[in-house]
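Student: The structure under discussion is supplied below as C-alpha cells; questions concerning it will follow.
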Number of protein chains: 2
Amino acid sequence: MRRSQVPTPALLVDIDILDRNIAVMRNCAALLAVKLRPHAKAHKCVEIAQRIMAAGAIGVSCATIGEAEAMASGGVDGILVTAPLASADATQRLYRLLLRGADIAVVAEDPACVSQLSAVAAASGRTLDVIVDVDVGMGRTGCLEIADVVALARQIADAPTLNYAGIQAYWGNLQQISPFPERSRLIAIQADRVRAVIAALTSASLPPAIVTGGGTGSHRIDATTGLFTEIQPGSYLFMDSCYGAISISENDNPFTPSLFVAATVVSASKPGRVVVNAGWKAFATDSGKPVALHGAPPGASFRFMGDEHGALDFEGDRGPALGSTIEFLTSHCDPTVNLYSAFHVVRGDEVIDIWPIKARY
Amino acid sequence: MRRSQVPTPALLVDIDILDRNIAVMRNCAALLAVKLRPHAKAHKCVEIAQRIMAAGAIGVSCATIGEAEAMASGGVDGILVTAPLASADATQRLYRLLLRGADIAVVAEDPACVSQLSAVAAASGRTLDVIVDVDVGMGRTGCLEIADVVALARQIADAPTLNYAGIQAYWGNLQQISPFPERSRLIAIQADRVRAVIAALTSASLPPAIVTGGGTGSHRIDATTGLFTEIQPGSYLFMDSCYGAISISENDNPFTPSLFVAATVVSASKPGRVVVNAGWKAFATDSGKPVALHGAPPGASFRFMGDEHGALDFEGDRGPALGSTIEFLTSHCDPTVNLYSAFHVVRGDEVIDIWPIKARY
C-alpha cells in the first residue's frame with residue numbers, strides 16, 4: 001500500500017526516522033553512562049518496545065498496569081511501572097502478571113500500598129522489585145519528605161517478598177522549560193534534593209541500586225548530574241511540535257519527527273480553505289493545534305472544526321484536491337498515539353507494516 | 001460488580017438517566033412532529049443505538065464510514081452518514097456495506113463524489129439514497145450556493161442507481177450559543193436560507209423528502225421552524241458540562257448527565273490535594289476540564305497533571321482516601337467517549353452490563 005492510500009484518519013510512523021531517534025538516544029545514553037528504559041506511555045506498542053530493546057535498552061517503563069500487561073503479553077522484559085498502583089483492581093492485575101512470570105518492577109509511595117505489594121508478591125511466590133517514588137517538585141506522586149523516603153525504603157527492604165531496588169525522581173514539570181539554561185538551573189535545584197535523598201538512604205545502609213527518572217527534555221541534564229543509573233524518556237521516539245520547539249542539549253535538538261497524522265480532504269468547495277476528516281477525535285488538543293506538513297500548501301494553518309473535522313486555511317485559491325491526503329505533525333505525541341488502534345509503518349512512500357497500539361482505556 | 005470497583009479510568013453510563021434522556025427527546029420530537037435519527041458520533045455503540053430505536057427513532061446518524069460499519073455490523077438500520085465521503089477507501093467501504101445489504105444513506109456536496117457514489121451503487125446492484133449537504137453558515141462541508149444545491153440534487157435524481165432523498169442543514173456552530181434568544185435569532189437567519197433552498201428545489205421539481213439537521217442545542221428551535229422532517233442530536237444522551245451550562249428551550253434544560261469518568265485516588269500524601277489516575281488520555285481537553293462529582297469533597301477542582309494523572313484540589317486537609325473512586329462529569333462527551341473501549345453500564349451502585357464502543361480510529 002502507498003502511504004497516500006492509508007485509510008484516514010491514520011497514524012503514520014516513519015520507521016527510518018524512528019530508528020534514527022532510537023540510535024541517537026542509545027548513543028547519548030552510552031556516552032553519558034546511563035542505562036535506558038524508555039517509556040511505553042509514548043507508544044503502547046510491543047513492536048516499538050522490542051525495537052528499542054534490540055538497540056540496547058534494558059527494559060520498558062509503563063505508566064499503567066494495562067501498559068505493563070500489554071508489554072508482558074508481548075514478551076517484553078524489564079518492565080517498570082512508573083506510577084503508584086493503589087486500587088484493588090491494579091493490585092490484582094499485578095498479582096496475575098507475577099503469576100504469569102512477567103519481569104516487572106513497580107514504584108510505591110505509600111506504606112499501606114507497600115504492604116499490599118508484599119502480600120501480592122508472597123501470594124505469587126515471587127520476589128517483587130519495588131522502587132521508592134520521590135516527589136522532586138512536580139507535586140504529583142512520590143514521597144515529599146526525605147524521612148518518608150527512608151522509612152519506605154526500609155519497609156520494602158524488610159519485607160521478605162520485596163526487593164528494595166532504588167528510587168525514582170522524575171521532574172515532568174521541567175521537561176519543556178525554555179530556554180535550556182533555565183531548565184538546567186531548575187533541574188540542578190531538584191538534583192540537589194535527589195543527592196540529599198541518596199545520602200540519607202546511604203547513611204541508613206539503603207543506598208539505591210537504581211536511580212531512575214529523566215524525560216526527553218531533561219535527559220541530557222539529568223545524566224550529567226551523575227545521580228541517575230537509568231533514564232526513561234519516551235517522546236524522543238516520535239517528537240511533536242512542542243518538543244520540536246525546544247533545545248534538547250545546549251544548542252541542539254537531535255531528534256526528528258517520525259510521527260504523522262494522515263487525513264483526507266473531504267471538502268474543497270470554498271476558496272482558501274479545504275476541510276479534512278480529522279478533528280478533536282484525531283489529534284490530542286491539550287497542547288495546541290497540529291501543524292500541516294506533507295500535502296498542504298506552504299504556510300497553511302489548521303483549525304479545529306469539531307470532533308471529526310478540521311479546516312486547512314491557505315493563501316490563494318489553489319489548494320489540495322478533494323480526496324487527497326494531508327499529513328500533520330501533532331502538538332503532543334503521547335495522547336495523540338492514544339487515539340489510534342495502530343501505527344501504519346512507512347518507509348518513504350510505502351506502508352511496510354501495521355503495529356497495534358495496546359492498552360488504550 | 002459494584003460501581004466503585006470498576007477498573008479505572010473507566011467510562012460509566014447511568015442507564016436510568018440515559019433512558020430518561022432518550023424518553024425526553026422522543027417526547028419532544030413527537031410533540032414537534034419531527035422524526036429522530038440520533039447521532040452515533042456521541043456513543044459509537046450498537047447497544048445504545050438499538051435502545052434509542054426501540055424507543056422510536058427511525059435510524060442512526062454516523063459521522064464516519066467506520067461508525068456506519070459498526071452500526072451495520074450490529075444490525076442497526078436507517079443509517080445516515082452525515083459527512084461527505086471523499087477518499088477511495090471510504091467509497092470502497094461504502095460499496096462493501098451496500099453489498100452486505102446495509103440500510104444506509106449518505107450525504108454529498110461534490111459532483112465528482114456523486115458520480116463515484118453512482119458507480120458504487122451500480123456495482124453493488126443497489127439503489128443508494130443520497131442527501132445534499134447544504135452549508136448553512138458553518139463553513140465546514142456542504143454546498144454554499146443554492147444553484148449548486150439544485151444542480152447536485154438534479155445530478156443525484158438523474159443517476160439511475162441513486163435516489164435523491166433530500167437535504168441536510170446542520171448548524172454545529174450555533175449549538176451552544178448563549179443566551180437562548182441569541183441562538184434562536186442566529187438560527188432564524190440560517191432557517192431563512194434553508195427555506196430559500198427548499199423553495200428553489202421545489203421550483204425545480206426536486207422538493208426534498210428529507211430535511212435533516214439539528215443538534216442537542218438547537219433541536220427545539222429547529223423543529224419549530226417547520227422546515228425539518230427529522231433531527232440528529234446526540235449529546236443529549238449523555239450531556240456534559242458545556243451542554244449543561246446552556247438552556248435547551250427558553251428557560252429549561254430537560255437533560256441530565258448520564259456519563260461519568262471514574263478514576264482512582266493513587267496518591268493522597270499531600271494536604272489539600274489528591275492525585276487520580278486520569279489525565280489527558282482519560283478526558284477530552286478541547287472544551288475545558290472535568291468537574292469532580294461523586295466521591296470528591298464539595299468544591300474540589302480538577303487540574304490536569306499529565307497524560308495519566310490529574311490533581312483534585314480541595315479546601316482543608318481531609319480528602320478522599322487512597323484507593324477510593326472519584327467520578328467526574330466531562331466537559332465534552334463525544335471525544336471523551338472516543339477515549340474508551342467500553343461503557344460500564346450502571347444502575348445505582350451496580351454495574352449491570354458492559355457495552356463496547358466501536359469504530360475508534
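In the C-alpha cells, the first chain shown is A, the next is B, and so on; residue numbers restart at 1 for each chain, and ligands run from 1 in the order shown.
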Quick one: DSSP alpha helix (DSSP H) residues in stretch 145-260 of chain A, as an MDAnalysis selection string?
Tutor: chainID A and resid 146:158 180:203 219:224 241:244
Student: Please find the residues of chain B near chain A - the criterion being any atom within 8 Å, counting only C-alpha atoms - and write them as an MDAnalysis selection string.
Tutor: chainID B and resid 5:7 9:10 63 84:90 109:110 140:143 264:267 269 275 280:282 284:286 305 307:309 311 322:324 334:335 338:341 360:361
Student: Store the residues of this selection in a file with C-alpha atoms, as an mmCIF file, in the first residue's frame.
Tutor:
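Once written, selection33.cif looks like this:
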```
data_model
loop_
_atom_site.group_PDB
_atom_site.id
_atom_site.type_symbol
_atom_site.label_atom_id
_atom_site.label_comp_id
_atom_site.auth_asym_id
_atom_site.auth_seq_id
_atom_site.Cartn_x
_atom_site.Cartn_y
_atom_site.Cartn_z
ATOM 1 C CA GLN B 5 -14.968 -1.483 41.826
ATOM 2 C CA VAL B 6 -14.771 -0.754 38.109
ATOM 3 C CA PRO B 7 -11.162 -0.864 36.816
ATOM 4 C CA PRO B 9 -10.015 5.014 34.403
ATOM 5 C CA ALA B 10 -13.418 3.966 33.137
ATOM 6 C CA ALA B 63 -20.071 10.799 11.206
ATOM 7 C CA PRO B 84 -19.235 13.685 2.799
ATOM 8 C CA LEU B 85 -17.078 10.676 1.893
ATOM 9 C CA ALA B 86 -14.251 11.597 -0.455
ATOM 10 C CA SER B 87 -11.460 9.021 -0.255
ATOM 11 C CA ALA B 88 -11.154 5.893 -2.376
ATOM 12 C CA ASP B 89 -11.015 3.947 0.881
ATOM 13 C CA ALA B 90 -14.329 5.344 2.145
ATOM 14 C CA GLU B 109 -21.577 18.009 -1.653
ATOM 15 C CA ASP B 110 -19.467 17.407 -4.754
ATOM 16 C CA ARG B 140 -17.336 23.106 7.116
ATOM 17 C CA THR B 141 -18.920 20.952 4.445
ATOM 18 C CA GLY B 142 -21.869 21.366 2.115
ATOM 19 C CA CYS B 143 -22.850 23.376 -0.942
ATOM 20 C CA THR B 264 -8.898 6.121 41.440
ATOM 21 C CA VAL B 265 -7.002 8.147 44.024
ATOM 22 C CA VAL B 266 -3.405 6.944 43.560
ATOM 23 C CA SER B 267 -1.710 9.493 45.812
ATOM 24 C CA SER B 269 0.126 12.055 50.723
ATOM 25 C CA VAL B 275 -3.919 12.669 42.634
ATOM 26 C CA TRP B 280 -5.158 13.902 29.125
ATOM 27 C CA LYS B 281 -5.712 10.313 27.968
ATOM 28 C CA ALA B 282 -8.865 9.924 30.069
ATOM 29 C CA ALA B 284 -11.306 15.202 26.180
ATOM 30 C CA THR B 285 -9.492 18.502 26.630
ATOM 31 C CA ASP B 286 -10.910 20.605 23.793
ATOM 32 C CA MET B 305 -1.177 16.671 35.679
ATOM 33 C CA ASP B 307 -1.211 12.105 30.280
ATOM 34 C CA GLU B 308 -2.310 9.708 33.002
ATOM 35 C CA HIS B 309 -2.849 11.882 36.077
ATOM 36 C CA ALA B 311 -4.934 16.532 40.788
ATOM 37 C CA LEU B 322 -6.077 6.448 48.814
ATOM 38 C CA GLY B 323 -7.615 3.841 46.518
ATOM 39 C CA SER B 324 -11.081 5.385 46.542
ATOM 40 C CA ASP B 334 -18.243 12.812 22.272
ATOM 41 C CA PRO B 335 -14.432 12.936 22.262
ATOM 42 C CA ASN B 338 -13.851 8.146 21.997
ATOM 43 C CA LEU B 339 -11.102 7.521 24.599
ATOM 44 C CA TYR B 340 -12.657 4.316 25.961
ATOM 45 C CA SER B 341 -13.234 0.814 24.611
ATOM 46 C CA ARG B 360 -12.484 4.425 17.274
ATOM 47 C CA TYR B 361 -9.635 5.232 14.921
#
```
Student: If you run DSSP over the backbone, which residues in stretch 245-357 of chain B end up strand (DSSP E or B)? Put them as a PyMOL selection string.
Tutor: chain B and resi 249+252+259-270+273-276+291-292+301-304+310-313+325-329+342-347+350-356
Student: Generate the output file for the selected residues, N, CA and C atoms, as a compact mmCIF listing (two decimals), in the first residue's frame.
Tutor:
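Dumped to part-v1.txt:
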```
# COMPACT_ATOMS: atom_id res chain seq x y z
N SER B 249 -34.35 24.79 25.96
CA SER B 249 -35.52 25.52 25.49
C SER B 249 -35.47 26.90 26.17
N ASP B 252 -35.08 26.30 30.11
CA ASP B 252 -35.06 24.97 30.68
C ASP B 252 -33.99 24.12 30.00
N LEU B 259 -23.33 10.34 31.94
CA LEU B 259 -21.99 9.84 31.62
C LEU B 259 -20.97 10.36 32.63
N PHE B 260 -20.16 9.45 33.16
CA PHE B 260 -19.16 9.84 34.15
C PHE B 260 -17.86 9.10 33.88
N VAL B 261 -16.75 9.76 34.17
CA VAL B 261 -15.45 9.09 34.15
C VAL B 261 -15.07 8.76 35.58
N ALA B 262 -14.79 7.48 35.83
CA ALA B 262 -14.38 7.05 37.17
C ALA B 262 -12.86 6.93 37.20
N ALA B 263 -12.26 7.48 38.26
CA ALA B 263 -10.81 7.42 38.44
C ALA B 263 -10.52 7.03 39.88
N THR B 264 -9.30 6.57 40.10
CA THR B 264 -8.90 6.12 41.44
C THR B 264 -7.88 7.09 42.03
N VAL B 265 -8.01 7.35 43.32
CA VAL B 265 -7.00 8.15 44.02
C VAL B 265 -5.75 7.29 44.16
N VAL B 266 -4.66 7.72 43.52
CA VAL B 266 -3.41 6.94 43.56
C VAL B 266 -2.35 7.62 44.43
N SER B 267 -2.62 8.83 44.88
CA SER B 267 -1.71 9.49 45.81
C SER B 267 -2.53 10.41 46.71
N ALA B 268 -2.34 10.27 48.01
CA ALA B 268 -3.08 11.09 48.97
C ALA B 268 -2.13 11.55 50.08
N SER B 269 -0.89 11.79 49.70
CA SER B 269 0.13 12.06 50.72
C SER B 269 0.32 13.54 51.01
N LYS B 270 -0.35 14.41 50.23
CA LYS B 270 -0.14 15.84 50.44
C LYS B 270 -1.43 16.51 50.91
N ARG B 273 -4.87 18.05 48.59
CA ARG B 273 -4.77 17.56 47.22
C ARG B 273 -4.69 16.03 47.20
N VAL B 274 -5.41 15.41 46.29
CA VAL B 274 -5.12 14.02 45.96
C VAL B 274 -4.84 13.95 44.47
N VAL B 275 -4.20 12.88 44.05
CA VAL B 275 -3.92 12.67 42.63
C VAL B 275 -4.67 11.43 42.17
N VAL B 276 -5.36 11.57 41.03
CA VAL B 276 -6.11 10.45 40.46
C VAL B 276 -5.45 9.99 39.17
N VAL B 291 -15.35 18.10 35.78
CA VAL B 291 -15.89 18.56 37.07
C VAL B 291 -15.97 17.35 38.00
N ALA B 292 -15.36 17.47 39.17
CA ALA B 292 -15.38 16.37 40.14
C ALA B 292 -16.75 16.27 40.79
N SER B 301 -11.67 20.95 42.88
CA SER B 301 -11.50 21.24 41.46
C SER B 301 -10.35 20.43 40.87
N PHE B 302 -10.55 20.03 39.62
CA PHE B 302 -9.61 19.15 38.92
C PHE B 302 -8.57 19.98 38.19
N ARG B 303 -7.36 19.42 38.13
CA ARG B 303 -6.26 20.05 37.42
C ARG B 303 -5.52 18.95 36.68
N PHE B 304 -5.31 19.11 35.37
CA PHE B 304 -4.55 18.10 34.62
C PHE B 304 -3.11 18.06 35.11
N GLY B 310 -4.29 13.43 37.17
CA GLY B 310 -4.86 14.73 37.46
C GLY B 310 -4.87 14.95 38.96
N ALA B 311 -4.84 16.21 39.36
CA ALA B 311 -4.93 16.53 40.79
C ALA B 311 -6.34 17.01 41.10
N LEU B 312 -6.77 16.68 42.29
CA LEU B 312 -8.04 17.19 42.79
C LEU B 312 -7.69 18.05 44.00
N ASP B 313 -7.88 19.35 43.85
CA ASP B 313 -7.55 20.29 44.93
C ASP B 313 -8.81 20.60 45.73
N THR B 325 -12.63 5.80 44.73
CA THR B 325 -13.04 6.17 43.37
C THR B 325 -13.69 7.55 43.37
N ILE B 326 -13.29 8.36 42.40
CA ILE B 326 -13.92 9.67 42.19
C ILE B 326 -14.56 9.63 40.81
N GLU B 327 -15.75 10.16 40.70
CA GLU B 327 -16.40 10.24 39.39
C GLU B 327 -16.44 11.70 38.93
N PHE B 328 -16.24 11.87 37.62
CA PHE B 328 -16.17 13.20 37.02
C PHE B 328 -17.20 13.35 35.92
N LEU B 329 -17.71 14.56 35.81
CA LEU B 329 -18.51 14.97 34.65
C LEU B 329 -17.53 15.52 33.61
N ALA B 342 -15.16 0.78 26.12
CA ALA B 342 -16.48 0.29 26.54
C ALA B 342 -17.11 1.23 27.55
N PHE B 343 -18.45 1.18 27.60
CA PHE B 343 -19.21 1.79 28.70
C PHE B 343 -19.41 0.74 29.79
N HIS B 344 -19.14 1.12 31.02
CA HIS B 344 -19.62 0.31 32.13
C HIS B 344 -21.01 0.85 32.48
N VAL B 345 -22.01 0.00 32.29
CA VAL B 345 -23.40 0.42 32.46
C VAL B 345 -23.79 0.23 33.92
N VAL B 346 -24.20 1.31 34.57
CA VAL B 346 -24.53 1.22 35.99
C VAL B 346 -26.01 1.55 36.21
N ARG B 347 -26.55 0.89 37.22
CA ARG B 347 -27.89 1.24 37.73
C ARG B 347 -27.70 1.39 39.23
N GLU B 350 -24.72 -0.55 41.11
CA GLU B 350 -24.33 -1.82 40.50
C GLU B 350 -23.94 -1.65 39.04
N VAL B 351 -22.90 -2.36 38.63
CA VAL B 351 -22.57 -2.46 37.21
C VAL B 351 -23.39 -3.60 36.64
N ILE B 352 -24.26 -3.31 35.67
CA ILE B 352 -25.17 -4.35 35.18
C ILE B 352 -24.81 -4.82 33.77
N ASP B 353 -23.90 -4.11 33.10
CA ASP B 353 -23.55 -4.54 31.74
C ASP B 353 -22.29 -3.81 31.28
N ILE B 354 -21.70 -4.31 30.21
CA ILE B 354 -20.59 -3.61 29.56
C ILE B 354 -20.90 -3.54 28.08
N TRP B 355 -20.91 -2.33 27.53
CA TRP B 355 -21.27 -2.13 26.12
C TRP B 355 -20.03 -1.64 25.37
N PRO B 356 -19.63 -2.34 24.32
CA PRO B 356 -18.44 -1.92 23.57
C PRO B 356 -18.63 -0.59 22.83
```
Student: Taking 2 positions as the minimum chain separation for residues in the same chain, which residues sit within 8 Å of A:Gly316 when counting only C-alpha atoms? Answer as an NGL selection string.
Tutor: :A and (271-272 or 314 or 318-319)
Student: Leaving out A:Glu250 and any residue of its chain fewer than 5 positions from it, which residues lie within 12 Å of it when counting only C-alpha atoms, given as a ChimeraX atom specification?
Tutor: /A:178-184,217-218,220-221
